[in-house]
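Below is one structure, written out as structure tokens, with a few remarks after it.
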Amino acid sequence: MMPQLNFPDYDFRIAQTQGRDEIFDPVRRKMVALTPEEWVRQHTLQYLSVDLGYPLSLIAVEGGLTLNELKRRFDLLVYNTNGEPMLLVECKAPGVKITQAVFDQAARYNMAFKVGLLFVTNGMEHFCCQIDHATAEISFLQSIPQYDKPILQSPPL
């Protein structure tokens with residue numbers, strides 16, 4: 001049984017296949033192993049799409065990137081309608097503390113994408129920051145902005 005997270009409640013399609021729990025991922029359109037990190041990732045996906053209006057068609061899940069010749073995988077990457085990355089999400093399992101090392105990992109991944117919004121969550125704690133790449137300024141936001149609204153109008157999570 002997965003823990004209650006600090007997200008709204010959502011209905012998920014969960015099944016057991018060959019003795020393991022699986023959850024339906026609406027972006028990848030398939031059942032995937034239900035790990036603690038996947039539980040957080042699926043809640044974040046639902047929060048983005050249901051509560052903040054981000055189109056699922058503009059979200060990539062567990063995509064690959066190369067960083068210093070090493071292969072890595074991001075959790076969620078949201079694109080704008082021009083196909084430009086705009087929001088990078090790093091999900092951790094609920095038992096993993098959000099530390100400077102987690103932010104450093106997300107920042108390293110963002111070197112490849114240069115998005116303006118970064119969201120880090122373990123399902124219990126959430127941190128969203130806006131990055132101005134021209135000035136290298138980072139400002140923490142109360143929550144992820146709604147897809148079609150200015151930053152100041154986003155509801156707190």
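Residue numbering restarts at 1 for every chain of the structure tokens, chains are lettered A, B, ... in their displayed order, and ligands are numbered from 1 as they appear.
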Pick out the residues sitting within 8 Å of range 74-82 of chain A, and hand them over as an MDAnalysis selection string; count only C-alpha atoms, and ignore anything fewer than 4 positions along from it in its own chain.
chainID A and resid 41 58:65 86:91 109
Using only C-alpha atoms, determine which residues lie at most 10 Å from range 1-5 of chain A, disregarding the query and same-chain residues fewer than 4 positions distant; provide the list as a list in words.
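Non-adjacent residues within range: Asp9, Asp21, Leu34, Thr35, Pro36, Trp39, Val40, His43, Pro94, Gly95, Asn122, Gly123, Met124 and Glu125 of chain A.
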How would you write, as a short mmCIF file (atom, residue, chain, number, x, y, z; two decimals) with N, CA and C atoms, in the first residue's frame, the set of residues in chain A that DSSP gives as strand (DSSP E or B)?
```
data_model
loop_
_atom_site.label_atom_id
_atom_site.label_comp_id
_atom_site.auth_asym_id
_atom_site.auth_seq_id
_atom_site.Cartn_x
_atom_site.Cartn_y
_atom_site.Cartn_z
N ILE A 14 -4.94 0.86 -10.98
CA ILE A 14 -3.88 0.04 -10.41
C ILE A 14 -4.29 -1.42 -10.55
N ALA A 15 -3.35 -2.25 -10.95
CA ALA A 15 -3.60 -3.68 -11.13
C ALA A 15 -2.39 -4.46 -10.67
N GLN A 16 -2.60 -5.73 -10.48
CA GLN A 16 -1.49 -6.60 -10.12
C GLN A 16 -1.23 -7.54 -11.30
N THR A 17 0.01 -7.55 -11.77
CA THR A 17 0.40 -8.40 -12.89
C THR A 17 1.61 -9.22 -12.47
N ARG A 20 3.20 -8.29 -9.16
CA ARG A 20 3.68 -6.93 -8.86
C ARG A 20 2.58 -5.93 -9.14
N ASP A 21 2.55 -4.88 -8.34
CA ASP A 21 1.57 -3.81 -8.54
C ASP A 21 2.02 -2.91 -9.69
N GLU A 22 1.03 -2.53 -10.51
CA GLU A 22 1.29 -1.63 -11.62
C GLU A 22 0.25 -0.51 -11.62
N ILE A 23 0.63 0.62 -12.18
CA ILE A 23 -0.25 1.78 -12.28
C ILE A 23 -0.24 2.25 -13.73
N PHE A 24 -1.40 2.72 -14.19
CA PHE A 24 -1.50 3.18 -15.57
C PHE A 24 -0.92 4.57 -15.70
N ASP A 25 -0.01 4.75 -16.64
CA ASP A 25 0.58 6.06 -16.94
C ASP A 25 -0.13 6.61 -18.17
N LYS A 30 0.47 3.12 -20.83
CA LYS A 30 0.70 1.72 -20.46
C LYS A 30 0.81 1.58 -18.95
N MET A 31 0.68 0.34 -18.51
CA MET A 31 0.87 0.04 -17.10
C MET A 31 2.38 0.00 -16.82
N VAL A 32 2.78 0.58 -15.70
CA VAL A 32 4.19 0.59 -15.29
C VAL A 32 4.28 0.13 -13.84
N ALA A 33 5.45 -0.34 -13.45
CA ALA A 33 5.64 -0.81 -12.08
C ALA A 33 5.33 0.29 -11.08
N ILE A 59 3.63 16.70 -22.25
CA ILE A 59 4.46 16.21 -21.15
C ILE A 59 5.20 14.94 -21.58
N ALA A 60 6.50 14.92 -21.33
CA ALA A 60 7.31 13.73 -21.57
C ALA A 60 7.64 13.10 -20.21
N VAL A 61 7.59 11.77 -20.15
CA VAL A 61 7.85 11.04 -18.91
C VAL A 61 9.09 10.17 -19.08
N GLY A 64 15.24 10.41 -21.89
CA GLY A 64 16.68 10.34 -21.73
C GLY A 64 17.36 11.66 -22.05
N LEU A 65 18.51 11.84 -21.43
CA LEU A 65 19.37 12.98 -21.74
C LEU A 65 20.81 12.54 -21.52
N THR A 66 21.72 13.21 -22.16
CA THR A 66 23.14 12.92 -21.99
C THR A 66 23.78 14.11 -21.30
N LEU A 67 24.49 13.82 -20.22
CA LEU A 67 25.12 14.86 -19.42
C LEU A 67 26.55 14.44 -19.16
N LEU A 70 27.32 10.97 -19.97
CA LEU A 70 26.62 9.95 -19.20
C LEU A 70 25.14 10.00 -19.54
N LYS A 71 24.52 8.84 -19.66
CA LYS A 71 23.08 8.76 -19.93
C LYS A 71 22.32 8.93 -18.61
N ARG A 72 21.33 9.79 -18.63
CA ARG A 72 20.48 10.05 -17.47
C ARG A 72 19.04 10.03 -17.93
N ARG A 73 18.10 10.00 -16.94
CA ARG A 73 16.67 10.04 -17.26
C ARG A 73 16.00 11.09 -16.38
N LEU A 76 9.88 14.20 -15.45
CA LEU A 76 8.86 14.84 -16.28
C LEU A 76 9.45 16.08 -16.92
N LEU A 77 9.12 16.29 -18.18
CA LEU A 77 9.52 17.50 -18.87
C LEU A 77 8.30 18.01 -19.62
N VAL A 78 7.92 19.25 -19.34
CA VAL A 78 6.74 19.85 -19.96
C VAL A 78 7.20 20.84 -21.03
N TYR A 79 6.55 20.76 -22.19
CA TYR A 79 6.86 21.63 -23.32
C TYR A 79 5.74 22.66 -23.49
N PRO A 85 11.04 23.22 -24.15
CA PRO A 85 10.89 22.80 -22.75
C PRO A 85 10.64 24.00 -21.85
N MET A 86 9.69 23.88 -20.92
CA MET A 86 9.38 25.00 -20.04
C MET A 86 9.37 24.65 -18.55
N LEU A 87 9.19 23.36 -18.21
CA LEU A 87 9.11 22.93 -16.82
C LEU A 87 9.77 21.57 -16.70
N LEU A 88 10.73 21.46 -15.79
CA LEU A 88 11.40 20.20 -15.52
C LEU A 88 11.01 19.77 -14.11
N VAL A 89 10.59 18.51 -13.97
CA VAL A 89 10.14 17.98 -12.68
C VAL A 89 11.05 16.83 -12.26
N GLU A 90 11.54 16.89 -11.04
CA GLU A 90 12.33 15.81 -10.46
C GLU A 90 11.51 15.21 -9.31
N CYS A 91 11.18 13.93 -9.43
CA CYS A 91 10.40 13.23 -8.41
C CYS A 91 11.29 12.27 -7.63
N LEU A 117 11.25 26.92 -15.32
CA LEU A 117 10.60 26.45 -14.10
C LEU A 117 11.14 25.08 -13.74
N LEU A 118 11.44 24.92 -12.46
CA LEU A 118 11.95 23.66 -11.94
C LEU A 118 11.10 23.27 -10.74
N PHE A 119 10.63 22.02 -10.71
CA PHE A 119 9.79 21.53 -9.61
C PHE A 119 10.43 20.26 -9.07
N VAL A 120 10.63 20.23 -7.76
CA VAL A 120 11.23 19.08 -7.08
C VAL A 120 10.25 18.63 -6.01
N THR A 121 9.94 17.32 -5.97
CA THR A 121 8.98 16.82 -5.00
C THR A 121 9.30 15.39 -4.58
N HIS A 126 7.19 19.95 -1.61
CA HIS A 126 7.25 20.40 -2.99
C HIS A 126 8.01 21.73 -3.04
N PHE A 127 8.88 21.85 -4.01
CA PHE A 127 9.61 23.10 -4.19
C PHE A 127 9.58 23.46 -5.67
N CYS A 128 9.17 24.69 -5.95
CA CYS A 128 9.12 25.17 -7.32
C CYS A 128 9.93 26.46 -7.40
N CYS A 129 10.78 26.54 -8.38
CA CYS A 129 11.53 27.78 -8.54
C CYS A 129 11.53 28.22 -10.00
N GLN A 130 11.62 29.52 -10.15
CA GLN A 130 11.69 30.13 -11.46
C GLN A 130 13.15 30.53 -11.67
N ILE A 131 13.66 30.24 -12.85
CA ILE A 131 15.06 30.49 -13.14
C ILE A 131 15.15 31.50 -14.27
N ASP A 132 15.87 32.58 -14.02
CA ASP A 132 16.16 33.57 -15.06
C ASP A 132 17.58 33.27 -15.53
N GLU A 137 19.41 34.32 -11.75
CA GLU A 137 18.64 34.48 -10.52
C GLU A 137 17.61 33.36 -10.40
N ILE A 138 17.46 32.87 -9.18
CA ILE A 138 16.48 31.83 -8.88
C ILE A 138 15.54 32.36 -7.82
N SER A 139 14.24 32.27 -8.07
CA SER A 139 13.27 32.67 -7.07
C SER A 139 12.30 31.53 -6.84
N PHE A 140 12.07 31.24 -5.56
CA PHE A 140 11.15 30.17 -5.20
C PHE A 140 9.72 30.68 -5.29
N LEU A 141 8.85 29.83 -5.83
CA LEU A 141 7.44 30.16 -5.98
C LEU A 141 6.63 29.36 -4.98
#
```
Can you list, as JSON, numbers by chain, all residues belonging to range 13-147 of chain A that DSSP tags as alpha helix (DSSP H)?
{"A": [36, 37, 38, 39, 40, 41, 42, 43, 44, 45, 46, 100, 101, 102, 103, 104, 105, 106, 107, 108, 109, 110, 111, 112, 113]}
I'd like the interatomic distance between CA of Arg28 in chain A and CA of Ser57 in chain A, to a tenth of an Å.
10.1 Å
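Across the model, the gap from CA of Leu52 in chain A to CA of Pro145 in chain A is 7.3 Å.
Separating CA of Thr135 in chain A from CA of Gly116 in chain A is a distance of 11.9 Å.
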